[in-house]
Amino acid sequence: MDDYSIHEIGFDTENVPGNDADVSSLQAAGRGRDVKRAFSAVVEEVTWERGTAYVLISYDPCPACGNASTARVRLVVGRDTDIYDEWGRAVRARELQRGMTVDASFSAAMTRSIPPQAQAYFIRILARAGQTETTSGRIMDVDTRNSFILVWTGQNAASAIRFNISADTVILDFFGRRIPLSALRRGLRVRVDHAPYMTASIPPQTNAFTVQLMK
C-alpha cells in the first residue's frame with residue numbers, strides 16, 4: 001500500500017488564466033475535498049494499466065507567486081474523473097494525449113513517489129498537441145541544472161519568457177545541427193517554437209519544442 005501525505009496549497013483564483021466558468025468548474029470539482037489545482041498544465045505522458053489512465057502533468061503550483069517554479073504529478077484518471085474538451089463537452093480519458101494543455105483538479109492526498117501520484121477529479125482540455133507558436137528574442141540566461149532558458153523578446157526584462165527545455169526539445173545551431181543546452185550562451189539570438197499557452201507567473205513560462213540559433 002502506498003504511503004500518503006497531505007499537502008495544501010492556497011490558490012488565488014483571481015490571478016490564474018482561464019475564464020470565470022473554468023475556475024468555477026475547478027472549484028466545484030473539489031468542493032468538500034482536500035484538493036490541488038493546476039492551471040495551464042502540460043501533459044507529458046499518458047500511460048494505461050488495467051483500464052486506468054495515468055497522466056503525468058507539469059505546472060506552475062502558484063502562478064500568483066511570480067517565482068516561475070514547476071511541479072509534476074501523475075494523475076490517476078478513472079471512471080469518476082470528469083473530463084471536458086475545449087468546448088465543454090464531456091469526453092473519455094482516451095481523448096487525453098501527450099502535449100496537451102489542461103486545467104486539472106486533483107486530490108491533495110499524494111503518494112511519496114517521484115513524481116507523486118494523485119486521484120484526478122476534473123480535467124479540462126485547453127489546447128491540443130501539435131499546436132505551436134514561434135517567438136524570437138535574445139537569450140539572457142541559460143540554466144542547465146533546471147533545464148530552461150530565459151529569453152528577452154523586447155528591449156527589457158518585462159519582455160522575458162522562460163522556455164522550459166525537455167529531453168524532447170530539439171536545439172539547433174546556425175547550420176541546423178543539433179547541439180546540447182550547455183552550448184547556448186547569453187546574448188545569442190534564438191527562434192523558439194513552443195506550446196501555445198503561457199503561465200501567469202513572472203516571467204511567464206512555456207515548453208520549448210525547438211530552439212534555433214539565429215545570426
# chains A, B, ... in the order shown; residues from 1 in each chain; ligands from 1
$ select_by_dssp --residues "region 113-213 of chain A" --states "helix (DSSP H, G or I)" --output "VMD selection string"
chain A and resid 157 to 159 181 to 183
$ write_last_selection --atoms "N, CA, C and O atoms" --output "PDB file, in the first residue's frame"
ATOM      1  N   ALA A 157      13.559  43.593 -19.323  1.00  0.00           N
ATOM      2  CA  ALA A 157      13.218  42.378 -18.589  1.00  0.00           C
ATOM      3  C   ALA A 157      11.720  42.083 -18.590  1.00  0.00           C
ATOM      4  O   ALA A 157      11.316  40.928 -18.403  1.00  0.00           O
ATOM      5  N   ALA A 158      10.903  43.098 -18.800  1.00  0.00           N
ATOM      6  CA  ALA A 158       9.448  42.890 -18.817  1.00  0.00           C
ATOM      7  C   ALA A 158       9.016  42.000 -19.979  1.00  0.00           C
ATOM      8  O   ALA A 158       7.922  41.437 -19.965  1.00  0.00           O
ATOM      9  N   SER A 159       9.884  41.872 -21.002  1.00  0.00           N
ATOM     10  CA  SER A 159       9.549  41.069 -22.179  1.00  0.00           C
ATOM     11  C   SER A 159      10.052  39.635 -22.055  1.00  0.00           C
ATOM     12  O   SER A 159       9.920  38.849 -22.997  1.00  0.00           O
ATOM     13  N   LEU A 181      21.957  21.798 -24.625  1.00  0.00           N
ATOM     14  CA  LEU A 181      21.559  23.028 -23.943  1.00  0.00           C
ATOM     15  C   LEU A 181      22.783  23.798 -23.458  1.00  0.00           C
ATOM     16  O   LEU A 181      22.813  25.036 -23.490  1.00  0.00           O
ATOM     17  N   SER A 182      23.813  23.081 -23.027  1.00  0.00           N
ATOM     18  CA  SER A 182      25.013  23.722 -22.490  1.00  0.00           C
ATOM     19  C   SER A 182      25.767  24.549 -23.526  1.00  0.00           C
ATOM     20  O   SER A 182      26.623  25.366 -23.174  1.00  0.00           O
ATOM     21  N   ALA A 183      25.450  24.354 -24.815  1.00  0.00           N
ATOM     22  CA  ALA A 183      26.131  25.112 -25.871  1.00  0.00           C
ATOM     23  C   ALA A 183      25.528  26.508 -26.055  1.00  0.00           C
ATOM     24  O   ALA A 183      26.130  27.361 -26.710  1.00  0.00           O
TER      25      ALA A 183
END
$ residues_around --residues "Val91 (chain A)" --least-positions-apart "4" --cutoff "12 Å" --atoms "only C-alpha atoms" --output "ChimeraX atom specification"
/A:79,81-87,95-96,122-125
$ write_last_selection --atoms "N, CA and C atoms" --output "tab-separated table (two decimals), in the first residue's frame"
chain	number	residue	atom	x	y	z
A	79	ARG	N	-12.95	6.25	-13.76
A	79	ARG	CA	-14.32	6.45	-14.25
A	79	ARG	C	-14.99	7.65	-13.58
A	81	THR	N	-13.53	10.48	-12.84
A	81	THR	CA	-12.90	11.73	-13.24
A	81	THR	C	-13.73	12.41	-14.32
A	82	ASP	N	-14.09	13.67	-14.11
A	82	ASP	CA	-14.83	14.43	-15.11
A	82	ASP	C	-13.84	15.05	-16.09
A	83	ILE	N	-14.00	14.74	-17.38
A	83	ILE	CA	-13.08	15.24	-18.42
A	83	ILE	C	-13.90	15.98	-19.48
A	84	TYR	N	-13.45	17.19	-19.83
A	84	TYR	CA	-14.16	18.01	-20.82
A	84	TYR	C	-13.18	18.52	-21.87
A	85	ASP	N	-13.67	18.67	-23.10
A	85	ASP	CA	-12.83	19.20	-24.16
A	85	ASP	C	-12.88	20.72	-24.18
A	86	GLU	N	-12.31	21.33	-25.22
A	86	GLU	CA	-12.23	22.79	-25.30
A	86	GLU	C	-13.60	23.46	-25.34
A	87	TRP	N	-14.61	22.74	-25.78
A	87	TRP	CA	-15.95	23.31	-25.91
A	87	TRP	C	-16.88	22.91	-24.77
A	95	GLU	N	-9.21	10.47	-24.84
A	95	GLU	CA	-9.03	11.74	-25.56
A	95	GLU	C	-7.73	12.45	-25.12
A	96	LEU	N	-7.25	12.13	-23.94
A	96	LEU	CA	-6.07	12.80	-23.41
A	96	LEU	C	-4.80	12.32	-24.12
A	122	PHE	N	-11.07	16.35	-11.92
A	122	PHE	CA	-11.58	17.15	-13.05
A	122	PHE	C	-10.42	17.50	-13.98
A	123	ILE	N	-10.64	17.36	-15.29
A	123	ILE	CA	-9.65	17.77	-16.30
A	123	ILE	C	-10.38	18.49	-17.42
A	124	ARG	N	-9.86	19.67	-17.76
A	124	ARG	CA	-10.42	20.43	-18.88
A	124	ARG	C	-9.33	20.66	-19.92
A	125	ILE	N	-9.53	20.18	-21.15
A	125	ILE	CA	-8.57	20.35	-22.23
A	125	ILE	C	-8.62	21.79	-22.72
$ residues_around --residues "Ile171 (chain A)" --least-positions-apart "3" --cutoff "10 Å" --atoms "only C-alpha atoms" --output "list in words"
Ile165, Asp168, Gly176, Arg177, Arg178, Ile179, Pro180, Leu181, Ala183, Leu184, Val190, Val192, Ala208, Phe209, Thr210, Val211, Gln212 and Leu213 of chain A
$ select_by_dssp --residues "chain A" --states "strand (DSSP E)" --output "ChimeraX atom specification"
/A:4-6,35-49,52-59,71-77,82-84,101-107,109-111,117-127,133-143,148-152,160-164,170-172,189-194,205-214
$ write_last_selection --atoms "C-alpha atoms" --output "tab-separated table (two decimals), in the first residue's frame"
chain	number	residue	atom	x	y	z
A	4	TYR	CA	0.37	9.04	1.70
A	5	SER	CA	0.95	12.54	2.96
A	6	ILE	CA	-1.36	15.53	2.82
A	35	VAL	CA	-7.67	19.40	-3.44
A	36	LYS	CA	-4.92	20.91	-5.51
A	37	ARG	CA	-5.47	22.71	-8.78
A	38	ALA	CA	-3.24	23.04	-11.82
A	39	PHE	CA	-3.85	25.72	-14.43
A	40	SER	CA	-2.39	25.54	-17.96
A	41	ALA	CA	-0.60	22.29	-17.14
A	42	VAL	CA	1.23	20.35	-19.85
A	43	VAL	CA	0.55	16.64	-20.37
A	44	GLU	CA	3.98	15.00	-20.52
A	45	GLU	CA	2.91	11.37	-20.69
A	46	VAL	CA	-0.20	9.18	-20.82
A	47	THR	CA	0.05	5.50	-19.87
A	48	TRP	CA	-2.56	2.83	-19.28
A	49	GLU	CA	-2.75	-0.06	-16.84
A	52	THR	CA	-6.88	3.12	-15.74
A	53	ALA	CA	-5.10	6.11	-17.32
A	54	TYR	CA	-2.05	7.64	-15.63
A	55	VAL	CA	-1.47	11.20	-16.85
A	56	LEU	CA	1.80	12.94	-15.98
A	57	ILE	CA	1.46	16.74	-15.95
A	58	SER	CA	3.81	19.64	-15.22
A	59	TYR	CA	2.51	23.00	-13.99
A	71	ALA	CA	5.74	20.90	-10.21
A	72	ARG	CA	4.95	17.48	-11.63
A	73	VAL	CA	2.28	14.99	-10.61
A	74	ARG	CA	0.94	11.77	-12.10
A	75	LEU	CA	-2.85	11.89	-12.19
A	76	VAL	CA	-4.86	8.69	-11.77
A	77	VAL	CA	-7.75	9.12	-14.20
A	82	ASP	CA	-14.83	14.43	-15.11
A	83	ILE	CA	-13.08	15.24	-18.42
A	84	TYR	CA	-14.16	18.01	-20.82
A	101	THR	CA	-2.52	21.86	-22.24
A	102	VAL	CA	-5.09	21.25	-19.49
A	103	ASP	CA	-6.58	22.59	-16.29
A	104	ALA	CA	-6.94	19.96	-13.57
A	105	SER	CA	-8.31	19.46	-10.07
A	106	PHE	CA	-6.90	16.53	-8.08
A	107	SER	CA	-6.57	15.09	-4.59
A	109	ALA	CA	-3.52	13.16	-0.78
A	110	MET	CA	-0.46	12.13	-2.77
A	111	THR	CA	1.97	9.22	-2.75
A	117	GLN	CA	0.61	10.31	-7.72
A	118	ALA	CA	-2.89	11.62	-7.01
A	119	GLN	CA	-6.50	10.90	-7.92
A	120	ALA	CA	-7.85	13.26	-10.61
A	121	TYR	CA	-11.29	14.82	-10.05
A	122	PHE	CA	-11.58	17.15	-13.05
A	123	ILE	CA	-9.65	17.77	-16.30
A	124	ARG	CA	-10.42	20.43	-18.88
A	125	ILE	CA	-8.57	20.35	-22.23
A	126	LEU	CA	-7.36	23.83	-23.25
A	127	ALA	CA	-5.19	23.10	-26.29
A	133	GLU	CA	3.68	29.30	-31.68
A	134	THR	CA	7.03	30.87	-32.60
A	135	THR	CA	8.84	33.56	-30.63
A	136	SER	CA	12.19	35.21	-31.36
A	137	GLY	CA	14.50	37.02	-28.96
A	138	ARG	CA	17.86	37.13	-27.23
A	139	ILE	CA	19.00	34.68	-24.54
A	140	MET	CA	19.57	36.37	-21.17
A	141	ASP	CA	20.09	33.26	-19.03
A	142	VAL	CA	20.80	29.55	-19.56
A	143	ASP	CA	20.06	27.25	-16.62
A	148	PHE	CA	15.38	26.29	-19.08
A	149	ILE	CA	16.44	29.41	-20.97
A	150	LEU	CA	15.29	32.96	-20.30
A	151	VAL	CA	14.71	34.96	-23.47
A	152	TRP	CA	14.06	38.69	-23.84
A	160	ALA	CA	11.26	37.97	-20.73
A	161	ILE	CA	9.85	34.49	-21.28
A	162	ARG	CA	11.11	31.32	-19.62
A	163	PHE	CA	11.27	28.41	-22.07
A	164	ASN	CA	11.42	25.01	-20.35
A	170	VAL	CA	15.43	19.99	-30.33
A	171	ILE	CA	18.22	22.61	-30.09
A	172	LEU	CA	19.89	23.59	-33.38
A	189	ARG	CA	19.57	35.32	-30.73
A	190	VAL	CA	17.13	32.39	-30.98
A	191	ARG	CA	13.86	31.44	-32.59
A	192	VAL	CA	11.75	29.19	-30.34
A	193	ASP	CA	8.82	27.01	-31.40
A	194	HIS	CA	6.79	26.46	-28.25
A	205	GLN	CA	6.84	30.25	-18.94
A	206	THR	CA	6.04	27.64	-21.55
A	207	ASN	CA	7.57	24.48	-23.02
A	208	ALA	CA	10.01	24.75	-25.93
A	209	PHE	CA	9.75	22.27	-28.80
A	210	THR	CA	12.56	23.66	-30.97
A	211	VAL	CA	15.26	26.24	-30.28
A	212	GLN	CA	17.11	27.53	-33.35
A	213	LEU	CA	20.10	29.86	-33.20
A	214	MET	CA	19.82	32.94	-35.43
$ atom_distance --atom1 "CA of Phe174 (chain A)" --atom2 "CA of Gly187 (chain A)"
14.3 Å
$ atom_distance --atom1 "CA of Arg128 (chain A)" --atom2 "CA of Arg98 (chain A)"
8.8 Å
$ atom_distance --atom1 "CA of Thr199 (chain A)" --atom2 "CA of Met100 (chain A)"
14.2 Å
